[in-house]
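Undergrad: If it helps, the file is called my_file-v8.txt and holds compact mmCIF, C-alpha atoms and all ligand atoms:
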```txt
# COMPACT_ATOMS: atom_id res chain seq x y z
CA MET V 662 0.94 34.95 50.66
CA SER V 663 -0.83 36.83 53.42
CA ARG V 664 -2.63 33.59 54.30
CA THR V 665 0.56 31.89 55.41
CA VAL V 666 1.63 34.93 57.41
CA ARG V 667 -1.80 34.93 58.96
CA ASP V 668 -1.48 31.26 59.91
CA GLN V 669 1.91 31.93 61.43
CA ILE V 670 0.43 34.73 63.47
CA LEU V 671 -2.28 32.41 64.74
CA SER V 672 0.36 29.83 65.72
CA ALA V 673 2.32 32.50 67.54
CA LEU V 674 -0.81 33.64 69.37
CA ALA V 675 -1.61 30.06 70.37
CA GLY V 676 1.43 30.31 72.64
CA ILE V 677 -0.19 33.05 74.73
CA ALA V 678 -2.22 31.94 77.72
CA ASP V 679 -5.58 33.54 78.43
CA PRO V 680 -5.65 33.68 82.23
CA GLU V 681 -9.26 34.80 82.34
CA ARG V 682 -10.63 32.07 80.12
CA GLY V 683 -8.13 29.35 81.02
CA ARG V 684 -6.81 28.34 77.59
CA ASP V 685 -4.60 29.92 74.96
CA VAL V 686 -5.98 33.09 73.40
CA VAL V 687 -6.87 31.41 70.10
CA ALA V 688 -8.60 28.38 71.63
CA SER V 689 -10.50 30.57 74.07
CA GLY V 690 -12.07 32.53 71.24
CA ARG V 691 -10.39 35.69 72.43
CA ILE V 692 -9.06 36.53 68.98
CA SER V 693 -12.01 37.65 66.90
CA GLY V 694 -10.13 38.62 63.81
CA VAL V 695 -6.74 38.62 62.12
CA ALA V 696 -6.10 40.49 58.92
CA VAL V 697 -2.79 40.97 57.15
CA GLU V 698 -2.30 43.44 54.39
CA ASP V 699 1.03 44.58 52.94
CA GLY V 700 2.86 43.20 55.94
CA VAL V 701 0.65 45.07 58.40
CA ALA V 702 -1.16 42.78 60.81
CA ARG V 703 -4.36 43.85 62.53
CA ILE V 704 -5.71 41.70 65.30
CA MET V 705 -8.91 42.05 67.24
CA VAL V 706 -8.90 40.97 70.85
CA GLU V 707 -12.23 40.56 72.53
CA THR V 708 -13.06 41.99 75.88
CA THR V 709 -15.99 43.60 77.62
CA PRO V 710 -16.29 47.31 78.32
CA GLU V 711 -15.80 46.58 82.07
CA ARG V 712 -12.68 44.45 81.51
CA ALA V 713 -11.01 46.65 78.89
CA GLY V 714 -8.34 47.88 81.32
CA ALA V 715 -7.59 44.39 82.61
CA THR V 716 -7.25 43.00 79.10
CA GLU V 717 -4.67 45.58 78.10
CA PRO V 718 -1.61 43.41 79.03
CA LEU V 719 -3.04 40.61 76.91
CA ARG V 720 -3.52 43.00 74.02
CA ARG V 721 0.12 44.05 74.28
CA ALA V 722 1.29 40.43 74.38
CA VAL V 723 -0.77 39.64 71.28
CA GLU V 724 0.68 42.64 69.49
CA ALA V 725 4.25 41.69 70.39
CA ALA V 726 3.77 38.05 69.37
CA ALA V 727 2.30 39.07 66.02
CA ALA V 728 5.08 41.61 65.41
CA SER V 729 7.69 38.90 65.92
CA VAL V 730 6.34 36.80 63.04
CA ARG V 731 8.48 36.91 59.92
CA GLY V 732 6.84 38.89 57.19
CA VAL V 733 5.03 41.17 59.63
CA LYS V 734 6.34 44.71 59.40
CA ARG V 735 3.93 46.17 61.86
CA ALA V 736 1.29 44.71 64.13
CA SER V 737 -1.58 46.40 65.89
CA ALA V 738 -3.95 44.66 68.24
CA VAL V 739 -7.12 46.39 69.34
CA LEU V 740 -9.65 45.60 72.00
CA THR V 741 -13.19 45.08 70.82
CA ALA V 742 -16.32 44.82 72.89
CA GLU V 743 -18.24 41.60 72.84
CA ARG V 744 -20.86 41.83 70.26
CA GLY V 745 -24.38 42.93 70.89
CA PRO V 746 -26.53 41.62 73.68
CA ALA V 747 -25.48 38.10 72.72
CA GLN V 748 -22.09 36.49 73.23
CA ARG V 749 -19.89 35.94 70.24
CA PRO V 750 -19.53 32.25 69.48
CA PRO V 751 -16.01 31.08 70.40
CA ALA V 752 -13.06 31.01 68.04
CA ALA V 753 -13.87 32.41 64.66
CA PRO V 754 -10.46 33.79 63.80
CA THR V 755 -11.13 33.52 60.10
CA SER V 756 -13.93 36.05 60.28
CA ALA V 757 -11.85 39.19 59.74
CA ALA V 758 -12.11 40.05 56.11
CA PRO V 759 -8.85 41.43 54.80
CA GLY V 760 -9.05 44.57 52.72
CA PRO V 761 -9.10 44.22 48.97
CA ALA V 762 -5.75 43.19 47.57
CA ALA V 763 -4.28 45.63 45.10
CA GLY V 764 -4.02 44.53 41.52
CA ARG V 765 -6.99 42.19 41.59
CA PRO V 766 -10.53 42.95 40.52
CA ARG V 767 -12.50 43.99 43.53
CA PRO V 768 -15.87 42.35 43.96
CA ALA V 769 -18.73 44.76 44.40
CA ALA V 770 -19.73 45.19 48.05
CA PRO V 771 -22.54 42.75 48.79
CA THR V 772 -25.95 44.32 48.78
CA LEU V 773 -28.15 44.36 51.85
CA PRO V 774 -31.22 42.20 51.47
CA GLY V 775 -34.40 44.23 51.73
CA VAL V 776 -32.62 47.61 51.57
CA LYS V 777 -33.09 49.36 48.24
CA ALA V 778 -30.39 52.03 48.56
CA VAL V 779 -27.66 52.99 51.01
CA ILE V 780 -26.45 56.59 50.88
CA ALA V 781 -23.58 58.17 52.81
CA VAL V 782 -23.48 61.64 54.32
CA ALA V 783 -19.84 62.68 54.33
CA SER V 784 -17.78 65.76 55.14
CA GLY V 785 -14.19 66.89 54.92
CA LYS V 786 -13.99 67.57 58.65
CA GLY V 787 -16.00 67.22 61.83
CA GLY V 788 -18.33 69.80 63.31
CA VAL V 789 -19.77 70.96 60.01
CA GLY V 790 -23.22 69.57 60.76
CA LYS V 791 -22.95 66.18 59.09
CA SER V 792 -24.98 64.32 61.71
CA THR V 793 -27.58 67.08 61.91
CA LEU V 794 -27.98 66.82 58.15
CA ALA V 795 -28.04 63.01 58.21
CA VAL V 796 -30.84 62.99 60.80
CA ASN V 797 -32.97 65.68 59.19
CA LEU V 798 -32.37 64.37 55.68
CA ALA V 799 -33.45 60.90 56.81
CA LEU V 800 -36.59 62.41 58.36
CA ALA V 801 -37.31 64.46 55.25
CA LEU V 802 -36.97 61.33 53.10
CA GLN V 803 -39.35 59.60 55.46
CA ALA V 804 -41.80 62.49 55.09
CA ARG V 805 -41.85 61.66 51.37
CA GLY V 806 -43.35 58.29 52.22
CA LEU V 807 -40.11 56.32 52.13
CA LYS V 808 -39.04 53.75 54.69
CA VAL V 809 -35.79 55.08 56.08
CA GLY V 810 -33.04 53.88 58.41
CA LEU V 811 -30.07 55.72 59.88
CA LEU V 812 -26.76 54.03 60.62
CA ASP V 813 -24.24 55.96 62.67
CA ALA V 814 -20.96 55.04 61.00
CA ASP V 815 -19.13 57.72 62.98
CA VAL V 816 -17.90 55.24 65.57
CA TYR V 817 -15.41 57.77 66.92
CA GLY V 818 -18.03 60.38 67.66
CA PRO V 819 -21.47 58.81 67.56
CA SER V 820 -24.17 61.43 67.94
CA ILE V 821 -27.24 59.78 66.41
CA PRO V 822 -28.59 58.43 69.74
CA ARG V 823 -28.52 61.93 71.25
CA MET V 824 -29.97 63.58 68.16
CA LEU V 825 -32.83 61.09 67.95
CA GLY V 826 -33.29 60.98 71.72
CA LEU V 827 -32.49 57.23 71.89
CA SER V 828 -30.81 55.31 74.69
CA GLY V 829 -30.47 51.75 75.94
CA ARG V 830 -29.15 48.72 74.17
CA PRO V 831 -31.00 47.43 71.14
CA ASP V 832 -32.76 44.07 71.57
CA SER V 833 -31.62 40.84 70.06
CA PRO V 834 -34.49 38.35 70.44
CA ASP V 835 -32.60 35.41 68.92
CA GLY V 836 -29.19 36.41 70.26
CA LYS V 837 -27.87 36.90 66.73
CA ARG V 838 -29.73 39.61 64.87
CA ILE V 839 -30.04 43.11 66.28
CA THR V 840 -33.39 44.87 66.32
CA PRO V 841 -32.73 48.52 65.52
CA LYS V 842 -34.07 51.19 67.83
CA VAL V 843 -36.74 53.39 66.33
CA GLY V 844 -36.54 57.16 66.77
CA TRP V 845 -39.14 59.45 65.20
CA GLY V 846 -40.05 56.59 62.86
CA LEU V 847 -36.46 55.97 61.71
CA LYS V 848 -34.79 52.63 62.33
CA ALA V 849 -31.48 53.57 63.88
CA MET V 850 -28.29 51.87 64.96
CA SER V 851 -25.18 53.35 66.54
CA ILE V 852 -22.14 52.25 68.49
CA GLY V 853 -23.34 54.84 70.99
CA LEU V 854 -26.20 52.47 71.87
CA MET V 855 -23.85 49.56 72.49
CA VAL V 856 -21.23 51.09 74.80
CA GLU V 857 -21.15 53.84 77.38
CA GLU V 858 -19.91 57.14 76.03
CA ASP V 859 -16.74 57.10 78.15
CA THR V 860 -15.83 53.45 77.62
CA PRO V 861 -12.05 53.29 77.37
CA LEU V 862 -12.00 51.16 74.26
CA ILE V 863 -9.59 51.84 71.52
CA TRP V 864 -11.65 52.33 68.44
CA ARG V 865 -9.30 52.08 65.55
CA GLY V 866 -9.40 50.96 61.95
CA PRO V 867 -10.13 47.25 62.36
CA MET V 868 -12.71 47.81 65.06
CA VAL V 869 -14.43 50.42 62.98
CA GLN V 870 -14.80 47.92 60.20
CA GLY V 871 -15.84 45.10 62.48
CA ALA V 872 -18.48 47.19 64.22
CA LEU V 873 -19.80 48.61 61.00
CA ASP V 874 -20.02 45.29 59.23
CA GLN V 875 -21.92 43.97 62.19
CA PHE V 876 -24.28 46.93 62.38
CA LEU V 877 -24.85 46.83 58.67
CA ARG V 878 -25.38 43.14 58.18
CA GLU V 879 -26.68 41.89 61.51
CA THR V 880 -29.26 44.60 62.10
CA ASP V 881 -32.82 43.93 60.94
CA TRP V 882 -33.04 46.87 58.59
CA ALA V 883 -35.38 45.35 56.03
CA PRO V 884 -37.62 46.47 54.55
CA LEU V 885 -36.10 49.89 53.81
CA ASP V 886 -36.13 52.19 50.82
CA ILE V 887 -33.10 54.16 51.98
CA LEU V 888 -30.49 53.59 54.65
CA VAL V 889 -28.64 56.81 55.48
CA LEU V 890 -25.08 56.40 56.73
CA ASP V 891 -23.63 59.13 58.95
CA MET V 892 -19.96 58.73 57.96
CA PRO V 893 -16.97 59.56 60.15
CA PRO V 894 -15.61 63.01 59.17
CA GLY V 895 -12.92 63.17 56.54
CA THR V 896 -12.12 61.42 53.32
CA GLY V 897 -9.21 59.25 54.38
CA ASP V 898 -8.59 55.53 54.68
CA VAL V 899 -11.37 54.80 57.16
CA GLN V 900 -13.93 56.44 54.90
CA LEU V 901 -12.46 54.75 51.86
CA SER V 902 -12.76 51.37 53.45
CA ILE V 903 -16.38 51.99 54.43
CA ALA V 904 -17.14 53.09 50.91
CA GLN V 905 -15.58 49.84 49.70
CA ARG V 906 -17.43 47.62 52.09
CA VAL V 907 -20.90 49.09 51.88
CA PRO V 908 -22.96 48.96 48.71
CA LEU V 909 -23.37 52.75 48.41
CA ALA V 910 -25.86 54.19 45.94
CA GLY V 911 -24.21 57.57 46.41
CA ALA V 912 -22.76 60.15 48.76
CA VAL V 913 -23.95 63.56 49.91
CA ILE V 914 -21.11 65.90 50.86
CA VAL V 915 -21.75 68.58 53.46
CA SER V 916 -19.59 71.59 54.15
CA THR V 917 -19.78 74.98 55.78
CA PRO V 918 -19.01 78.00 53.60
CA GLN V 919 -15.74 78.69 55.37
CA ASP V 920 -14.60 75.08 55.09
CA ILE V 921 -15.45 74.56 51.50
CA ALA V 922 -11.93 75.49 50.41
CA LEU V 923 -10.48 73.18 53.05
CA LEU V 924 -12.84 70.38 52.20
CA ASP V 925 -10.60 69.73 49.27
CA ALA V 926 -13.65 68.57 47.46
CA ARG V 927 -11.52 67.11 44.74
CA LYS V 928 -9.78 64.78 47.14
CA GLY V 929 -13.06 63.73 48.67
CA LEU V 930 -14.56 63.25 45.27
CA ALA V 931 -11.57 61.29 44.10
CA MET V 932 -12.01 58.94 47.03
CA PHE V 933 -15.62 58.19 46.16
CA ARG V 934 -14.81 57.98 42.47
CA ARG V 935 -12.12 55.41 43.15
CA VAL V 936 -14.78 53.14 44.49
CA GLU V 937 -17.29 54.20 41.84
CA VAL V 938 -19.68 55.81 44.30
CA PRO V 939 -21.61 58.65 42.64
CA ILE V 940 -21.62 62.00 44.44
CA LEU V 941 -25.28 62.87 44.78
CA GLY V 942 -24.45 66.48 45.49
CA LEU V 943 -23.12 69.14 47.83
CA VAL V 944 -24.94 70.73 50.78
CA GLU V 945 -23.85 73.99 52.35
CA ASN V 946 -24.57 74.06 56.07
CA MET V 947 -24.57 77.09 58.40
CA SER V 948 -24.82 79.01 55.20
CA TRP V 949 -26.22 82.24 56.55
CA PHE V 950 -27.65 83.50 59.81
CA THR V 951 -31.09 84.95 60.24
CA CYS V 952 -31.35 87.16 63.29
CA PRO V 953 -34.18 85.86 65.48
CA HIS V 954 -34.85 89.44 66.66
CA CYS V 955 -34.85 91.60 63.56
CA GLY V 956 -35.12 88.93 60.85
CA GLY V 957 -32.05 90.38 59.15
CA ARG V 958 -29.87 87.97 57.25
CA SER V 959 -26.09 87.89 57.66
CA ASP V 960 -23.74 85.95 55.45
CA ILE V 961 -21.34 85.52 58.32
CA PHE V 962 -19.20 82.95 56.58
CA GLY V 963 -19.56 84.20 53.03
CA HIS V 964 -22.52 82.12 51.90
CA GLY V 965 -22.48 80.54 48.46
CA GLY V 966 -19.07 78.86 48.41
CA ALA V 967 -20.46 75.37 48.08
CA ARG V 968 -22.77 76.34 45.24
CA ASP V 969 -19.83 77.78 43.29
CA GLU V 970 -17.66 74.80 44.13
CA ALA V 971 -20.40 72.38 43.05
CA LEU V 972 -20.76 74.25 39.79
CA LYS V 973 -17.02 74.14 39.17
CA LEU V 974 -16.95 70.42 39.82
CA GLY V 975 -20.03 69.70 37.76
CA LEU V 976 -21.94 68.37 40.75
CA PRO V 977 -25.54 68.94 41.77
CA PHE V 978 -25.92 71.59 44.46
CA LEU V 979 -28.52 70.14 46.81
CA GLY V 980 -29.17 73.20 48.92
CA ALA V 981 -28.10 75.51 51.70
CA VAL V 982 -29.14 75.29 55.35
CA PRO V 983 -28.93 78.46 57.47
CA LEU V 984 -27.36 78.64 60.88
CA ASP V 985 -30.40 78.35 63.08
CA LEU V 986 -30.27 78.42 66.85
CA GLU V 987 -33.50 76.38 67.07
CA VAL V 988 -31.97 73.66 64.88
CA ARG V 989 -29.05 73.39 67.24
CA ILE V 990 -31.06 73.38 70.44
CA MET V 991 -33.59 70.91 69.12
CA SER V 992 -31.10 68.47 67.64
CA ASP V 993 -29.03 68.51 70.80
CA GLU V 994 -32.21 67.70 72.75
CA GLY V 995 -33.18 64.76 70.57
CA ARG V 996 -35.98 66.69 68.89
CA PRO V 997 -34.91 67.07 65.26
CA VAL V 998 -36.58 69.98 63.54
CA VAL V 999 -37.98 67.99 60.58
CA ALA V 1000 -39.75 65.63 63.02
CA VAL V 1001 -40.96 68.22 65.50
CA ALA V 1002 -41.82 71.09 63.17
CA PRO V 1003 -42.02 69.56 59.68
CA ASP V 1004 -43.76 72.57 58.15
CA SER V 1005 -41.51 75.19 59.69
CA GLU V 1006 -39.21 77.47 57.77
CA ALA V 1007 -36.28 75.75 59.46
CA ALA V 1008 -37.34 72.36 58.10
CA ALA V 1009 -37.89 73.58 54.54
CA PRO V 1010 -34.26 73.32 53.35
CA TYR V 1011 -34.13 69.67 54.44
CA HIS V 1012 -37.24 68.81 52.44
CA ALA V 1013 -35.70 70.47 49.38
CA ILE V 1014 -32.43 68.58 49.90
CA ALA V 1015 -34.33 65.29 50.25
CA ALA V 1016 -36.09 65.94 46.94
CA GLY V 1017 -32.71 66.62 45.32
CA VAL V 1018 -31.23 63.45 46.79
CA VAL V 1019 -34.06 61.29 45.45
CA ASP V 1020 -33.56 62.88 42.01
CA SER V 1021 -29.82 62.39 42.13
CA ILE V 1022 -30.12 58.73 43.10
CA ALA V 1023 -32.47 58.12 40.20
CA LYS V 1024 -30.14 59.92 37.77
CA ALA V 1025 -26.98 58.22 39.03
CA HIS V 1026 -28.52 54.81 38.56
CA ARG V 1027 -30.01 55.36 35.17
CA GLU V 1028 -26.50 54.95 33.73
CA PRO V 1029 -25.50 51.38 33.02
CA PRO V 1030 -23.48 49.80 35.81
CA ARG V 1031 -19.77 49.72 35.22
CA ILE V 1032 -17.43 46.90 36.02
CA MET V 1033 -15.19 47.75 38.92
CA ILE V 1034 -11.49 47.19 38.44
CA GLU V 1035 -8.99 48.33 41.01
CA ASP V 1036 -6.24 50.49 39.49
N1 LIG P 1 -27.78 74.49 60.51
C1 LIG P 1 -27.40 74.52 61.79
N2 LIG P 1 -27.76 75.53 62.61
C2 LIG P 1 -27.36 75.57 63.89
N3 LIG P 1 -26.63 74.64 64.49
C3 LIG P 1 -26.23 73.59 63.73
C4 LIG P 1 -26.60 73.47 62.37
N4 LIG P 1 -26.08 72.31 61.89
C5 LIG P 1 -25.42 71.75 62.93
N5 LIG P 1 -25.51 72.51 64.03
C6 LIG P 1 -24.92 72.26 65.35
O1 LIG P 1 -23.50 72.20 65.21
C7 LIG P 1 -22.95 71.19 66.04
C8 LIG P 1 -22.19 70.20 65.17
O2 LIG P 1 -23.10 69.55 64.31
P1 LIG P 1 -23.01 68.00 64.00
O3 LIG P 1 -24.18 67.67 63.14
O4 LIG P 1 -22.82 67.22 65.24
O5 LIG P 1 -21.68 67.99 63.12
P2 LIG P 1 -20.74 66.79 62.63
O6 LIG P 1 -21.58 65.56 62.59
O7 LIG P 1 -20.29 67.23 61.28
O8 LIG P 1 -19.62 66.72 63.60
C9 LIG P 1 -24.13 70.57 66.79
O9 LIG P 1 -24.25 71.17 68.05
C10 LIG P 1 -25.33 70.93 65.92
O10 LIG P 1 -26.53 71.03 66.68
MG MG P 2 -21.37 63.80 63.70
```
Any chance you could give the structure as structure tokens?
Ligand SMILES: Nc1ncnc2c1ncn2[C@@H]1O[C@H](COP(=O)(O)OP(=O)(O)O)[C@@H](O)[C@H]1O
Ligand SMILES: [Mg+2]
TA:
Amino acid sequence: MSRTVRDQILSALAGIADPERGRDVVASGRISGVAVEDGVARIMVETTPERAGATEPLRRAVEAAAASVRGVKRASAVLTAERGPAQRPPAAPTSAAPGPAAGRPRPAAPTLPGVKAVIAVASGKGGVGKSTLAVNLALALQARGLKVGLLDADVYGPSIPRMLGLSGRPDSPDGKRITPKVGWGLKAMSIGLMVEEDTPLIWRGPMVQGALDQFLRETDWAPLDILVLDMPPGTGDVQLSIAQRVPLAGAVIVSTPQDIALLDARKGLAMFRRVEVPILGLVENMSWFTCPHCGGRSDIFGHGGARDEALKLGLPFLGAVPLDLEVRIMSDEGRPVVAVAPDSEAAAPYHAIAAGVVDSIAKAHREPPRIMIED
């Protein structure tokens, strides 16, 4: 059903000239993906960061042409940057994988060769310290002798390059595979390494998926024991689709004490449960504040909310991390505390959380695998 609509969209797009490349937009390889789901068409239009503004009229024409196809209720076309250091081979419009169709069994997300486990660090909202936790957790796992990678899946607000002190585009010796950057021993990949921070690209759903699939599958991660995914904040559709597309061994949920009620842990949990991803546990960040002058401890946000919530929900509580000025300064300078001062008091909670995560992964996967059926 959606196939025929998709073909009609491609025919409609073949009527649009590509002035820059001299053919129609399909023949010129400009369209890098078309997906149709429930009458909603999503089309990816390739450009370069420098030409994004100039390609905007073309994007609008593509969107209008797709919207005029019968059976299309809504069409959205987004600009995507040319992939990696290499050029995308021309015309692969079949490459956009449509989302899973409702009512059919969903195949398990393909595993990543040479990567033993992928875990997600997720949060109900932004600014709760998700990336800080992802970085320091990855480093603490590494300190346990594991080979660890860190994938910045927060394509809207990538912060892993800054937190690991990385910059510059990753190499691609063969023009196809991407060699991850290495920061403090961690293999790392982020959209922030591929485009300038203020690039006026429109990162929306389809692009998020395209970029992530690419980073996940075309980066030379192997061999890794654990790949840590810094998820975009929230537990909505974008997060759901990542959880569906990545073979997750589990998710760590992070929250601040004052946001724990807002986190709507149940909703977040329900999302991961829908895709059969075990919740490895809850982490409370900015849990209390220790005064650097007098050493006094203040529960400024009412510490302990996450522990209670975890208990109520029957989830492991992985630990609490205090609000620590040093942690903030160091992570914003690309000097994560677990790498720079592994034996410090500030690093201790991360080591404890890493131990809990390793335990939780082992427990979650001792149960027999279940067959996944979409409801
Ligand atoms: N435990 C902490 N103590 C002090 N500052 C923190 C702590 N955790 C995070 N931060 C700071 O809070 C800000 C937001 O954290 P970040 O990890 O970027 O959150 P998110 O990824 O959830 O948006 C950053 O400036 C970070 O350095
Ligand atoms: Mg972040």
Undergrad: Residues within 8 Å of ligand MG 2 (chain P), counting only C-alpha atoms and all ligand atoms: report them as a list in words.
TA: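 Taking only C-alpha atoms and all ligand atoms into account, the residues around ligand MG 2 (chain P) at most 8 Å away are Gly787, Gly788, Gly790, Lys791, Ser792, Thr793, Asp815, Gly818, Pro819, Ser820, Ile821, Asp891, Met892, Pro893 and Pro894 of chain V.
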Undergrad: What is the CA of Ile670 (chain V) to CA of Ala727 (chain V) distance in Å?
TA: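 Atom-to-atom, CA of Ile670 (chain V) to CA of Ala727 (chain V), that is 5.4 Å.
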Undergrad: Quick one: residues within 10 Å of region 672-679 of chain V, only C-alpha atoms counted, chain neighbours fewer than 4 positions away excluded, as a list of chain:residue names?
TA: V:Val666, V:Arg667, V:Asp668, V:Gly683, V:Arg684, V:Asp685, V:Val686, V:Val687, V:Ala688, V:Ser689, V:Gly690, V:Arg691, V:Ile692, V:Thr716, V:Leu719, V:Ala722, V:Val723, V:Glu724, V:Ala725, V:Ala726, V:Ala727, V:Ala728, V:Ser729, V:Val730
Undergrad: Pick the closest to Asp886 (chain V) from V:Ala910, V:Ala1000, V:Val697, V:Leu794: which is it, counting only C-alpha atoms?
TA: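 Of V:Ala910, V:Ala1000, V:Val697, V:Leu794, the one nearest Asp886 (chain V), counting only C-alpha atoms, is V:Ala910.
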Undergrad: Name all residues at most 9 Å from region 873-885 of chain V (count only C-alpha atoms; drop same-chain ones fewer than 4 positions away) and give them as a ChimeraX atom specification.
TA: /V:744,773-778,807-810,812-814,816,837-841,848-852,868-869,903,906-907
Undergrad: Quick one: residues within 6 Å of Val889 (chain V), all atoms listed in the file, excluding same-chain residues fewer than 4 positions away - as a PyMOL selection string?
TA: chain V and resi 779-781+811
Undergrad: Can I get the selection written as a PDB file, keeping the file's coordinate frame, with C-alpha atoms?
TA:
```pdb
ATOM      1  CA  VAL V 779     -27.660  52.990  51.010  1.00  0.00           C
ATOM      2  CA  ILE V 780     -26.450  56.590  50.880  1.00  0.00           C
ATOM      3  CA  ALA V 781     -23.580  58.170  52.810  1.00  0.00           C
ATOM      4  CA  LEU V 811     -30.070  55.720  59.880  1.00  0.00           C
TER       5      LEU V 811
END
```
Undergrad: Tell me, in Å to one decimal, how far CA of Ser916 (chain V) is from CA of Gly806 (chain V).
TA: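 Separation between CA of Ser916 (chain V) and CA of Gly806 (chain V): 27.3 Å.
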Undergrad: For ligand LIG 1 (chain P), which of V:Trp845, V:Phe978, V:Tyr1011, V:Phe933 is the closest residue, counting all atoms listed in the file?
TA: V:Tyr1011
Undergrad: Centre and edge lengths, as lines of an AutoDock Vina configuration file, for the axis-aligned box enclosing every listed atom of ligand LIG 1 (chain P) with 5 Å of padding on each of the six sides, in Å to one decimal?
TA:
```
center_x = -23.7
center_y = 70.6
center_z = 64.3
size_x = 18.2
size_y = 20.0
size_z = 17.5
```
Undergrad: What does the distance between CA of Arg823 (chain V) and CA of Ser992 (chain V) come to in Å, to one decimal place?
TA: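 Taking CA of Arg823 (chain V) as the start and CA of Ser992 (chain V) as the end point, the length is 7.9 Å.
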Undergrad: Here is a test: counting only C-alpha atoms and all ligand atoms, which residue of V:Thr708, V:Gln919, V:Ser1021, V:Ser784 is nearest to ligand LIG 1 (chain P)?
TA: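 Closest to ligand LIG 1 (chain P), using only C-alpha atoms and all ligand atoms: V:Ser784.
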Undergrad: Env of Val1018 (chain V): 8 Å cut, atoms = all atoms listed in the file, seq-sep filter 6 positions within chain, self excluded. Answer as a PyMOL selection string.
TA: chain V and resi 913+941-942+979
Undergrad: Using only C-alpha atoms and all ligand atoms, which of the listed residues (V:Ala804, V:Ala967, V:Met947, V:Leu974) sits closest to ligand LIG 1 (chain P)?
TA: V:Met947
Undergrad: Would you mind listing what lies within 12 Å of Lys1024 (chain V) as a list in words, with only C-alpha atoms counted and same-chain residues fewer than 2 positions away left out?
TA: Ala910, Gly911, Pro939, Ile940, Leu941, Gly942, Pro977, Gly1017, Val1018, Val1019, Asp1020, Ser1021, Ile1022, His1026, Arg1027, Glu1028 and Pro1029 of chain V
Undergrad: Can you work out which one of V:Ala1007, V:Ile1014, V:Leu671, V:Val733 has the shortest atom-to-atom distance to Glu698 (chain V), counting only C-alpha atoms?
TA: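 Checking each of V:Ala1007, V:Ile1014, V:Leu671, V:Val733 against Glu698 (chain V), counting only C-alpha atoms, the winner is V:Val733.
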Undergrad: Give as a list in words every residue, naming chains and numbers as the document does, that has an atom within 8 Å of (-32.1, 67.0, 54.6), counting all atoms listed in the file.
TA: Leu794, Ala795, Val796, Asn797, Leu798, Ala799, Leu800, Ala801, Leu802, Pro1010, Tyr1011, His1012, Ala1013, Ile1014 and Ala1015 of chain V
